[in-house]
Structures are given as structure tokens and as C-alpha cells.
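File shown: protein.pdb (PDB, C-alpha atoms, pLDDT in the B column).
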```pdb
ATOM      1  CA  ARG A   9       0.000   0.000   0.000  1.00 81.00           C
ATOM      2  CA  PRO A  10       1.585   3.288  -1.039  1.00 92.00           C
ATOM      3  CA  LYS A  11       1.982   5.934   1.663  1.00 92.00           C
ATOM      4  CA  LEU A  12       2.928   8.687  -0.772  1.00 96.00           C
ATOM      5  CA  ILE A  13       1.938   9.067  -4.405  1.00 98.00           C
ATOM      6  CA  VAL A  14       3.399  11.916  -6.433  1.00 99.00           C
ATOM      7  CA  GLU A  15       1.846  12.949  -9.727  1.00 98.00           C
ATOM      8  CA  VAL A  16       3.561  15.223 -12.241  1.00 98.00           C
ATOM      9  CA  GLY A  17       1.049  17.027 -14.444  1.00 97.00           C
ATOM     10  CA  THR A  18      -2.167  17.779 -12.594  1.00 96.00           C
ATOM     11  CA  LEU A  19      -4.438  19.422 -15.149  1.00 93.00           C
ATOM     12  CA  ALA A  20      -7.826  19.511 -13.348  1.00 93.00           C
ATOM     13  CA  GLY A  21      -6.819  17.028 -10.634  1.00 93.00           C
ATOM     14  CA  TYR A  22      -9.057  14.124 -11.614  1.00 92.00           C
ATOM     15  CA  SER A  23      -6.280  11.505 -11.505  1.00 94.00           C
ATOM     16  CA  SER A  24      -5.093  12.749  -8.115  1.00 95.00           C
ATOM     17  CA  LEU A  25      -8.575  12.563  -6.658  1.00 94.00           C
ATOM     18  CA  TYR A  26      -9.110   9.095  -8.092  1.00 94.00           C
ATOM     19  CA  MET A  27      -5.846   7.865  -6.547  1.00 95.00           C
ATOM     20  CA  ALA A  28      -6.684   9.560  -3.224  1.00 93.00           C
ATOM     21  CA  LYS A  29     -10.080   7.856  -3.181  1.00 91.00           C
ATOM     22  CA  LYS A  30      -8.419   4.477  -3.760  1.00 92.00           C
ATOM     23  CA  LEU A  31      -5.922   5.210  -0.955  1.00 90.00           C
ATOM     24  CA  LEU A  32      -8.828   6.095   1.330  1.00 88.00           C
ATOM     25  CA  GLU A  33     -10.455   2.744   0.536  1.00 89.00           C
ATOM     26  CA  LEU A  34      -7.198   0.889   1.272  1.00 88.00           C
ATOM     27  CA  ASP A  35      -6.702   2.771   4.542  1.00 85.00           C
ATOM     28  CA  GLU A  36     -10.281   1.989   5.594  1.00 84.00           C
ATOM     29  CA  GLU A  37      -9.832  -1.709   4.721  1.00 88.00           C
ATOM     30  CA  GLU A  38      -6.743  -1.807   6.936  1.00 84.00           C
ATOM     31  CA  GLY A  39      -8.364   0.254   9.717  1.00 84.00           C
ATOM     32  CA  ILE A  40      -5.862   3.098   9.401  1.00 78.00           C
ATOM     33  CA  GLN A  41      -7.042   6.407  10.872  1.00 72.00           C
ATOM     34  CA  ALA A  42      -5.863   9.852   9.759  1.00 63.00           C
ATOM     35  CA  SER A  43      -4.025  10.322  13.051  1.00 57.00           C
ATOM     36  CA  GLU A  44      -1.969   7.204  12.286  1.00 64.00           C
ATOM     37  CA  GLY A  45      -0.435   8.588   9.104  1.00 68.00           C
ATOM     38  CA  MET A  46      -2.866   8.360   6.227  1.00 77.00           C
ATOM     39  CA  SER A  47      -1.707   7.875   2.670  1.00 88.00           C
ATOM     40  CA  LYS A  48      -1.410  11.048   0.595  1.00 93.00           C
ATOM     41  CA  VAL A  49      -1.138  12.316  -2.965  1.00 97.00           C
ATOM     42  CA  ILE A  50       1.017  15.256  -3.977  1.00 98.00           C
ATOM     43  CA  THR A  51       0.312  16.517  -7.466  1.00 98.00           C
ATOM     44  CA  ILE A  52       2.588  19.051  -9.132  1.00 98.00           C
ATOM     45  CA  GLU A  53       1.352  21.458 -11.804  1.00 98.00           C
ATOM     46  CA  LYS A  54       3.493  24.159 -13.402  1.00 97.00           C
ATOM     47  CA  ASP A  55       0.688  26.079 -15.120  1.00 97.00           C
ATOM     48  CA  TRP A  56      -0.912  28.393 -12.568  1.00 97.00           C
ATOM     49  CA  LEU A  57      -4.313  28.393 -14.309  1.00 98.00           C
ATOM     50  CA  TRP A  58      -4.563  24.603 -14.089  1.00 97.00           C
ATOM     51  CA  TRP A  59      -3.247  24.815 -10.516  1.00 98.00           C
ATOM     52  CA  ILE A  60      -6.207  27.074  -9.644  1.00 97.00           C
ATOM     53  CA  VAL A  61      -8.658  24.730 -11.397  1.00 97.00           C
ATOM     54  CA  ALA A  62      -7.209  21.683  -9.620  1.00 96.00           C
ATOM     55  CA  ASN A  63      -7.338  23.338  -6.205  1.00 94.00           C
ATOM     56  CA  ARG A  64     -10.983  24.206  -6.749  1.00 94.00           C
ATOM     57  CA  PHE A  65     -11.769  20.683  -7.954  1.00 92.00           C
ATOM     58  CA  VAL A  66      -9.995  19.128  -4.945  1.00 92.00           C
ATOM     59  CA  TYR A  67     -11.806  21.512  -2.587  1.00 91.00           C
ATOM     60  CA  GLN A  68     -15.186  20.617  -4.085  1.00 91.00           C
ATOM     61  CA  ALA A  69     -14.439  16.897  -3.939  1.00 89.00           C
ATOM     62  CA  ALA A  70     -13.405  17.116  -0.290  1.00 83.00           C
ATOM     63  CA  ASP A  71     -16.581  19.080   0.450  1.00 81.00           C
ATOM     64  CA  GLY A  72     -18.623  16.177  -0.910  1.00 79.00           C
ATOM     65  CA  THR A  73     -16.355  13.507   0.563  1.00 81.00           C
ATOM     66  CA  PRO A  74     -14.860  14.952   3.777  1.00 78.00           C
ATOM     67  CA  GLU A  75     -12.565  11.935   4.183  1.00 79.00           C
ATOM     68  CA  LEU A  76     -10.570  13.230   1.192  1.00 82.00           C
ATOM     69  CA  GLN A  77      -9.734  16.442   3.075  1.00 76.00           C
ATOM     70  CA  GLY A  78      -5.976  16.694   3.444  1.00 85.00           C
ATOM     71  CA  ARG A  79      -5.219  13.700   1.231  1.00 91.00           C
ATOM     72  CA  VAL A  80      -4.388  15.683  -1.908  1.00 94.00           C
ATOM     73  CA  ALA A  81      -1.869  18.517  -1.969  1.00 95.00           C
ATOM     74  CA  VAL A  82      -1.722  20.522  -5.203  1.00 97.00           C
ATOM     75  CA  TRP A  83       1.711  22.105  -5.607  1.00 98.00           C
ATOM     76  CA  LEU A  84       2.513  24.866  -8.078  1.00 98.00           C
ATOM     77  CA  GLY A  85       5.895  24.810  -9.789  1.00 98.00           C
ATOM     78  CA  ASP A  86       8.351  22.863 -11.870  1.00 97.00           C
ATOM     79  CA  ALA A  87       8.444  19.266 -10.628  1.00 98.00           C
ATOM     80  CA  ILE A  88      12.194  19.053 -11.161  1.00 97.00           C
ATOM     81  CA  ARG A  89      12.646  21.755  -8.509  1.00 98.00           C
ATOM     82  CA  LYS A  90       9.741  20.682  -6.296  1.00 98.00           C
ATOM     83  CA  PHE A  91      11.118  17.161  -5.793  1.00 98.00           C
ATOM     84  CA  SER A  92      13.714  18.662  -3.428  1.00 98.00           C
ATOM     85  CA  GLU A  93      10.850  19.369  -0.981  1.00 98.00           C
ATOM     86  CA  ILE A  94      10.033  15.664  -0.707  1.00 98.00           C
ATOM     87  CA  PRO A  95      12.089  13.551   1.717  1.00 98.00           C
ATOM     88  CA  PRO A  96      14.474  10.979   0.207  1.00 98.00           C
ATOM     89  CA  ASN A  97      13.188   7.412  -0.208  1.00 98.00           C
ATOM     90  CA  SER A  98       9.563   8.399   0.439  1.00 98.00           C
ATOM     91  CA  ILE A  99       7.727   8.205  -2.901  1.00 98.00           C
ATOM     92  CA  ASP A 100       6.002   4.844  -3.287  1.00 98.00           C
ATOM     93  CA  LEU A 101       4.308   5.640  -6.601  1.00 98.00           C
ATOM     94  CA  LEU A 102       5.377   8.245  -9.148  1.00 99.00           C
ATOM     95  CA  PHE A 103       2.739   8.975 -11.799  1.00 99.00           C
ATOM     96  CA  LEU A 104       4.098  10.861 -14.810  1.00 98.00           C
ATOM     97  CA  ASP A 105       1.240  12.567 -16.609  1.00 95.00           C
ATOM     98  CA  GLY A 106       2.755  15.816 -17.870  1.00 93.00           C
ATOM     99  CA  LYS A 107       4.596  16.534 -21.095  1.00 94.00           C
ATOM    100  CA  PRO A 108       5.910  13.153 -22.331  1.00 94.00           C
ATOM    101  CA  SER A 109       9.174  14.587 -23.667  1.00 95.00           C
ATOM    102  CA  GLU A 110       9.997  15.675 -20.077  1.00 96.00           C
ATOM    103  CA  TYR A 111       9.307  12.327 -18.348  1.00 97.00           C
ATOM    104  CA  LEU A 112      12.964  11.285 -18.322  1.00 98.00           C
ATOM    105  CA  GLU A 113      14.019  14.566 -16.691  1.00 98.00           C
ATOM    106  CA  TYR A 114      11.286  14.178 -14.083  1.00 98.00           C
ATOM    107  CA  LEU A 115      12.267  10.605 -13.306  1.00 98.00           C
ATOM    108  CA  LYS A 116      15.959  11.403 -12.953  1.00 98.00           C
ATOM    109  CA  ALA A 117      15.137  14.341 -10.668  1.00 98.00           C
ATOM    110  CA  ALA A 118      12.907  12.096  -8.534  1.00 98.00           C
ATOM    111  CA  GLU A 119      15.154   9.029  -8.262  1.00 98.00           C
ATOM    112  CA  SER A 120      16.651   9.963  -4.871  1.00 98.00           C
ATOM    113  CA  ARG A 121      13.106  10.486  -3.554  1.00 98.00           C
ATOM    114  CA  LEU A 122      11.835   7.055  -4.662  1.00 98.00           C
ATOM    115  CA  ALA A 123      11.449   4.370  -2.018  1.00 98.00           C
ATOM    116  CA  PRO A 124      12.963   0.961  -2.757  1.00 98.00           C
ATOM    117  CA  GLY A 125      10.428  -0.990  -4.809  1.00 98.00           C
ATOM    118  CA  ALA A 126       8.527   2.162  -5.811  1.00 98.00           C
ATOM    119  CA  LEU A 127       6.434   2.012  -8.950  1.00 98.00           C
ATOM    120  CA  ILE A 128       6.793   4.562 -11.724  1.00 99.00           C
ATOM    121  CA  VAL A 129       3.812   4.843 -14.061  1.00 98.00           C
ATOM    122  CA  ALA A 130       4.211   6.807 -17.291  1.00 98.00           C
ATOM    123  CA  ASP A 131       0.945   7.750 -18.967  1.00 96.00           C
ATOM    124  CA  ASN A 132       0.527   7.730 -22.755  1.00 92.00           C
ATOM    125  CA  ALA A 133       3.478   5.381 -23.257  1.00 94.00           C
ATOM    126  CA  GLY A 134       1.723   3.745 -26.184  1.00 90.00           C
ATOM    127  CA  ILE A 135       0.950   6.734 -28.368  1.00 88.00           C
ATOM    128  CA  PHE A 136       4.260   8.491 -27.628  1.00 90.00           C
ATOM    129  CA  SER A 137       6.541   5.419 -27.672  1.00 88.00           C
ATOM    130  CA  GLU A 138       8.245   6.401 -30.928  1.00 83.00           C
ATOM    131  CA  GLY A 139       8.213  10.126 -30.245  1.00 82.00           C
ATOM    132  CA  GLY A 140       8.590  11.989 -26.984  1.00 86.00           C
ATOM    133  CA  LEU A 141       9.029   8.879 -24.829  1.00 94.00           C
ATOM    134  CA  LYS A 142      11.680   7.021 -26.812  1.00 93.00           C
ATOM    135  CA  GLU A 143      14.571   8.043 -24.519  1.00 95.00           C
ATOM    136  CA  TYR A 144      12.469   7.548 -21.385  1.00 96.00           C
ATOM    137  CA  LEU A 145      11.501   4.021 -22.441  1.00 96.00           C
ATOM    138  CA  ALA A 146      15.108   3.120 -23.260  1.00 96.00           C
ATOM    139  CA  TYR A 147      16.108   4.314 -19.789  1.00 97.00           C
ATOM    140  CA  VAL A 148      13.483   2.461 -17.742  1.00 97.00           C
ATOM    141  CA  ARG A 149      13.877  -0.696 -19.815  1.00 96.00           C
ATOM    142  CA  GLY A 150      17.541  -0.804 -18.842  1.00 92.00           C
ATOM    143  CA  GLU A 151      19.094   0.171 -22.160  1.00 92.00           C
ATOM    144  CA  THR A 152      20.624   3.426 -20.876  1.00 91.00           C
ATOM    145  CA  ALA A 153      20.142   3.352 -17.072  1.00 93.00           C
ATOM    146  CA  ALA A 154      22.834   2.139 -14.712  1.00 91.00           C
ATOM    147  CA  PRO A 155      22.538  -1.612 -14.096  1.00 91.00           C
ATOM    148  CA  GLY A 156      20.359  -2.370 -11.080  1.00 93.00           C
ATOM    149  CA  THR A 157      18.426   0.908 -11.193  1.00 96.00           C
ATOM    150  CA  PHE A 158      15.165  -0.836 -12.059  1.00 97.00           C
ATOM    151  CA  GLU A 159      13.766  -4.295 -11.342  1.00 96.00           C
ATOM    152  CA  GLY A 160      11.779  -4.299 -14.566  1.00 96.00           C
ATOM    153  CA  SER A 161       9.479  -2.339 -16.816  1.00 97.00           C
ATOM    154  CA  ARG A 162       6.596  -3.238 -19.079  1.00 96.00           C
ATOM    155  CA  LEU A 163       3.948  -1.648 -21.239  1.00 95.00           C
ATOM    156  CA  VAL A 164       0.348  -2.214 -20.165  1.00 95.00           C
ATOM    157  CA  ASP A 165      -2.014  -1.763 -23.097  1.00 92.00           C
ATOM    158  CA  THR A 166      -4.884   0.695 -22.686  1.00 92.00           C
ATOM    159  CA  THR A 167      -6.933   2.993 -24.877  1.00 92.00           C
ATOM    160  CA  LEU A 168      -7.191   6.755 -24.744  1.00 87.00           C
ATOM    161  CA  GLU A 169      -9.525   7.921 -21.983  1.00 82.00           C
ATOM    162  CA  TRP A 170     -11.861   9.595 -24.456  1.00 82.00           C
ATOM    163  CA  ARG A 171     -11.467   7.262 -27.477  1.00 88.00           C
ATOM    164  CA  ASP A 172     -11.917   3.528 -27.102  1.00 90.00           C
ATOM    165  CA  ASP A 173     -10.771   3.049 -30.687  1.00 91.00           C
ATOM    166  CA  VAL A 174      -7.286   4.585 -30.142  1.00 89.00           C
ATOM    167  CA  LYS A 175      -4.699   2.293 -28.551  1.00 92.00           C
ATOM    168  CA  ASP A 176      -2.411   3.697 -25.885  1.00 94.00           C
ATOM    169  CA  GLY A 177      -0.572   2.313 -22.871  1.00 93.00           C
ATOM    170  CA  ILE A 178       1.096   3.003 -19.566  1.00 96.00           C
ATOM    171  CA  GLU A 179       4.671   2.018 -18.828  1.00 96.00           C
ATOM    172  CA  VAL A 180       4.931   0.486 -15.353  1.00 98.00           C
ATOM    173  CA  THR A 181       8.440   0.354 -13.916  1.00 98.00           C
ATOM    174  CA  GLU A 182       9.671  -0.987 -10.586  1.00 98.00           C
ATOM    175  CA  PHE A 183      12.494   0.954  -8.948  1.00 98.00           C
ATOM    176  CA  ALA A 184      15.195  -1.230  -7.396  1.00 96.00           C
TER
END
```
Would you write out, as C-alpha cells, the structure that this file holds?
Amino acid sequence: RPKLIVEVGTLAGYSSLYMAKKLLELDEEEGIQASEGMSKVITIEKDWLWWIVANRFVYQAADGTPELQGRVAVWLGDAIRKFSEIPPNSIDLLFLDGKPSEYLEYLKAAESRLAPGALIVADNAGIFSEGGLKEYLAYVRGETAAPGTFEGSRLVDTTLEWRDDVKDGIEVTEFA
């Protein structure tokens, strides 16, 4: 069960809220109370307009589901710089959902913050596999990363969220 999920690329905050809701369900199944260190999601957005939208969306969601209050933190800024505010070895799940051509930079900046065995999930790895994600995929699949950096990586087939007829995928990587 992840204690800390970090998302890069917030947009309106839907993914963050979905992950927070799943964390809430896991915490409830295990009988974990907020005072005992609930699981959290930090989402980082560099566009201030989307940051405002996401904060409003998170606020409204927490108003309707009070248990979500305090589970999602929406940070404004460049993720590469913001990672320094996260303690080392604390990220259990890193969800890359920003600009695909920047995923490799984000991952390298976050590596010291990843907990052993952390999962890295890169969105849109199917449609951008030959374009903006080529270097990222080579890195996480062990072609250019230092030996032993990752336990493994694989593409999980999906479709685009809004088009069932367009194939896509997420790359799921386990950090060593």
C-alpha cells in the first residue's frame, strides 16, 4: 500500500482525486485512521491556471467527501525543482502525466526520492513510444540506465480515456 503518491502534471486534478479515493479505501480496509499517518497524494502542476482549477476541484471533492480532506496537496511549480521538498526514499508511486518529452528529466530528478520498490507509471506510453518517450523508455527498460536501477518495466495496453478506438498504454516500472 503506497503511503505517498506523487503525480507530475495535474491538469484539473481528476487523476489525483481518483488515486486519493483508492488510498482512502485501502486505509479503511486496513483500519488506518488519519491520526496514524494516512496515505497522501502530492500533485505538481506548473501552469498556474490549471493549478487554480485543480485546487478548486480538490476543494469541491473534499466538500462532498470529507474523508478526502488533506489527502491531496496541489503544488505549483516545476516538478524538477519541487522534488527537493520531498524527503528521500519516500515516494512509493510516481505517476508521470505531464509533457511526455519531459518524463525522463522528471524521473531522474525524482530518483533519490523514490522508495525501494517504488512504482513509476508513465501515462501515454503507447501513443508516444516512438516520439517523446523514446529516450524515457530506453532508460526504464535498462538500455541506458545504470545496471540495477530498475527491477523491470513493461507496457500495459490501454486505450485513450476519451477514445476507445485509439490504442495507448502506460509504462509500469519498478524501482530497485
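With all atoms listed in the file as the atoms that count, the residue of A:Asp173, A:Lys54, A:Ala70, A:Phe136 with the shortest distance to Lys90 (chain A) is A:Lys54.
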*List the neighbours of Asp100 (chain A) out to 12 Å using all atoms listed in the file; skip same-chain residues closer than 3 positions along the sequence, and give me the result as number ranges by chain.*
A: 9-15, 47-50, 94-97, 103, 118-129, 181-184
*Ref. answer, residues at most 10 Å from (7.5, 21.3, -8.9) with all atoms listed in the file, as a ChimeraX atom specification*: /A:16-17,51-54,82-93,114
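Nearest-residue note for Phe65 (chain A): choosing from A:Ala117, A:Leu34, A:Ala20, A:Ala146, the minimum distance belongs to A:Ala20, counting only C-alpha atoms.
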*Would you kindly translate the PyMOL selection byres ((chain A and resi 165) around 10) into the concrete residues it picks from this file, as a ChimeraX atom specification?*
/A:132-134,162-164,166-167,175-179
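Taken over the whole file, the PyMOL selection byres ((chain A and resi 149) around 9) covers exactly Tyr144, Leu145, Ala146, Tyr147, Val148, Gly150, Glu151, Thr152, Ala153, Phe158, Gly160, Ser161, Arg162 and Thr181 of chain A.
Here the residues that fall within 10 Å of (-3.6, 18.1, -18.2), using all atoms listed in the file, are given as Val16, Gly17, Thr18, Leu19, Ala20, Gly21, Tyr22, Ser23, Glu53, Asp55, Trp58, Ala62, Asp105, Gly106 and Lys107 of chain A.
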Report as a PDB file with C-alpha atoms, in the frame of the given file the residues that result from applying the PyMOL selection byres ((chain A and resi 66) around 10) to the structure here.
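Result file follows (out.pdb):
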```
ATOM      1  CA  ALA A  20      -7.826  19.511 -13.348  1.00 93.00           C
ATOM      2  CA  GLY A  21      -6.819  17.028 -10.634  1.00 93.00           C
ATOM      3  CA  TYR A  22      -9.057  14.124 -11.614  1.00 92.00           C
ATOM      4  CA  SER A  24      -5.093  12.749  -8.115  1.00 95.00           C
ATOM      5  CA  LEU A  25      -8.575  12.563  -6.658  1.00 94.00           C
ATOM      6  CA  ILE A  60      -6.207  27.074  -9.644  1.00 97.00           C
ATOM      7  CA  VAL A  61      -8.658  24.730 -11.397  1.00 97.00           C
ATOM      8  CA  ALA A  62      -7.209  21.683  -9.620  1.00 96.00           C
ATOM      9  CA  ASN A  63      -7.338  23.338  -6.205  1.00 94.00           C
ATOM     10  CA  ARG A  64     -10.983  24.206  -6.749  1.00 94.00           C
ATOM     11  CA  PHE A  65     -11.769  20.683  -7.954  1.00 92.00           C
ATOM     12  CA  TYR A  67     -11.806  21.512  -2.587  1.00 91.00           C
ATOM     13  CA  GLN A  68     -15.186  20.617  -4.085  1.00 91.00           C
ATOM     14  CA  ALA A  69     -14.439  16.897  -3.939  1.00 89.00           C
ATOM     15  CA  ALA A  70     -13.405  17.116  -0.290  1.00 83.00           C
ATOM     16  CA  ASP A  71     -16.581  19.080   0.450  1.00 81.00           C
ATOM     17  CA  GLY A  72     -18.623  16.177  -0.910  1.00 79.00           C
ATOM     18  CA  LEU A  76     -10.570  13.230   1.192  1.00 82.00           C
ATOM     19  CA  GLN A  77      -9.734  16.442   3.075  1.00 76.00           C
ATOM     20  CA  GLY A  78      -5.976  16.694   3.444  1.00 85.00           C
ATOM     21  CA  ARG A  79      -5.219  13.700   1.231  1.00 91.00           C
ATOM     22  CA  VAL A  80      -4.388  15.683  -1.908  1.00 94.00           C
ATOM     23  CA  ALA A  81      -1.869  18.517  -1.969  1.00 95.00           C
ATOM     24  CA  VAL A  82      -1.722  20.522  -5.203  1.00 97.00           C
TER      25      VAL A  82
END
```
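Here CA of Leu104 (chain A) is placed at a distance of 17.2 Å from CA of Glu138 (chain A).
Taking CA of Asp131 (chain A) and CA of Thr73 (chain A) as endpoints, the distance between them is 26.7 Å.
Between CA of Ser137 (chain A) and CA of Glu113 (chain A) there is a distance of 16.1 Å.
Considering the residues A:Met27, A:Ile40, A:Leu101, A:Leu115 and counting only C-alpha atoms, Thr157 (chain A) has its shortest atom-to-atom contact with A:Leu115.
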Extending 8 Å beyond the listed atoms of region 84-93 of chain A on each side, what axis-aligned box results? I want centre and edge lengths in Å to one decimal, as JSON.
```
{"center_x": 8.1, "center_y": 21.0, "center_z": -6.4, "size_x": 27.2, "size_y": 23.7, "size_z": 26.9}
```
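Across A:Met46, A:Leu102, A:Leu32, A:Val174, the tightest approach to Lys116 (chain A) is made by A:Leu102 when counting all atoms listed in the file.
Proximity to Glu143 (chain A) was assessed for A:Ala28, A:Ile99, A:Leu57, A:Leu112 counting only C-alpha atoms; the smallest distance is recorded for A:Leu112.
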*Looking at all atoms listed in the file, which of A:Ser98, A:Trp56, A:Glu37, A:Tyr111 is the one that sits closest to Gly140 (chain A)?*
A:Tyr111
Reconstructed region 137-149 of chain A, atom set N, CA and C atoms, as a PDB file, in the coordinates of the input:
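Contents of out-v5.pdb, freshly written:
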```
ATOM      1  N   SER A 137       5.389   6.316 -27.782  1.00 88.00           N
ATOM      2  CA  SER A 137       6.541   5.419 -27.672  1.00 88.00           C
ATOM      3  C   SER A 137       7.621   5.682 -28.712  1.00 88.00           C
ATOM      4  N   GLU A 138       7.254   6.127 -29.879  1.00 83.00           N
ATOM      5  CA  GLU A 138       8.245   6.401 -30.928  1.00 83.00           C
ATOM      6  C   GLU A 138       8.608   7.883 -31.001  1.00 83.00           C
ATOM      7  N   GLY A 139       7.955   8.689 -30.214  1.00 82.00           N
ATOM      8  CA  GLY A 139       8.213  10.126 -30.245  1.00 82.00           C
ATOM      9  C   GLY A 139       8.848  10.592 -28.956  1.00 82.00           C
ATOM     10  N   GLY A 140       8.083  11.343 -28.183  1.00 86.00           N
ATOM     11  CA  GLY A 140       8.590  11.989 -26.984  1.00 86.00           C
ATOM     12  C   GLY A 140       9.047  11.064 -25.876  1.00 86.00           C
ATOM     13  N   LEU A 141       8.659   9.799 -25.908  1.00 94.00           N
ATOM     14  CA  LEU A 141       9.029   8.879 -24.829  1.00 94.00           C
ATOM     15  C   LEU A 141      10.130   7.893 -25.197  1.00 94.00           C
ATOM     16  N   LYS A 142      10.683   8.004 -26.367  1.00 93.00           N
ATOM     17  CA  LYS A 142      11.680   7.021 -26.812  1.00 93.00           C
ATOM     18  C   LYS A 142      12.865   6.920 -25.839  1.00 93.00           C
ATOM     19  N   GLU A 143      13.433   8.055 -25.447  1.00 95.00           N
ATOM     20  CA  GLU A 143      14.571   8.043 -24.519  1.00 95.00           C
ATOM     21  C   GLU A 143      14.151   7.566 -23.133  1.00 95.00           C
ATOM     22  N   TYR A 144      12.977   7.983 -22.691  1.00 96.00           N
ATOM     23  CA  TYR A 144      12.469   7.548 -21.385  1.00 96.00           C
ATOM     24  C   TYR A 144      12.340   6.026 -21.359  1.00 96.00           C
ATOM     25  N   LEU A 145      11.717   5.464 -22.393  1.00 96.00           N
ATOM     26  CA  LEU A 145      11.501   4.021 -22.441  1.00 96.00           C
ATOM     27  C   LEU A 145      12.820   3.259 -22.492  1.00 96.00           C
ATOM     28  N   ALA A 146      13.791   3.763 -23.225  1.00 96.00           N
ATOM     29  CA  ALA A 146      15.108   3.120 -23.260  1.00 96.00           C
ATOM     30  C   ALA A 146      15.738   3.117 -21.866  1.00 96.00           C
ATOM     31  N   TYR A 147      15.542   4.187 -21.137  1.00 97.00           N
ATOM     32  CA  TYR A 147      16.108   4.314 -19.789  1.00 97.00           C
ATOM     33  C   TYR A 147      15.466   3.320 -18.820  1.00 97.00           C
ATOM     34  N   VAL A 148      14.145   3.325 -18.729  1.00 97.00           N
ATOM     35  CA  VAL A 148      13.483   2.461 -17.742  1.00 97.00           C
ATOM     36  C   VAL A 148      13.550   0.986 -18.122  1.00 97.00           C
ATOM     37  N   ARG A 149      13.753   0.706 -19.389  1.00 96.00           N
ATOM     38  CA  ARG A 149      13.877  -0.696 -19.815  1.00 96.00           C
ATOM     39  C   ARG A 149      15.309  -1.195 -19.723  1.00 96.00           C
TER      40      ARG A 149
END
```
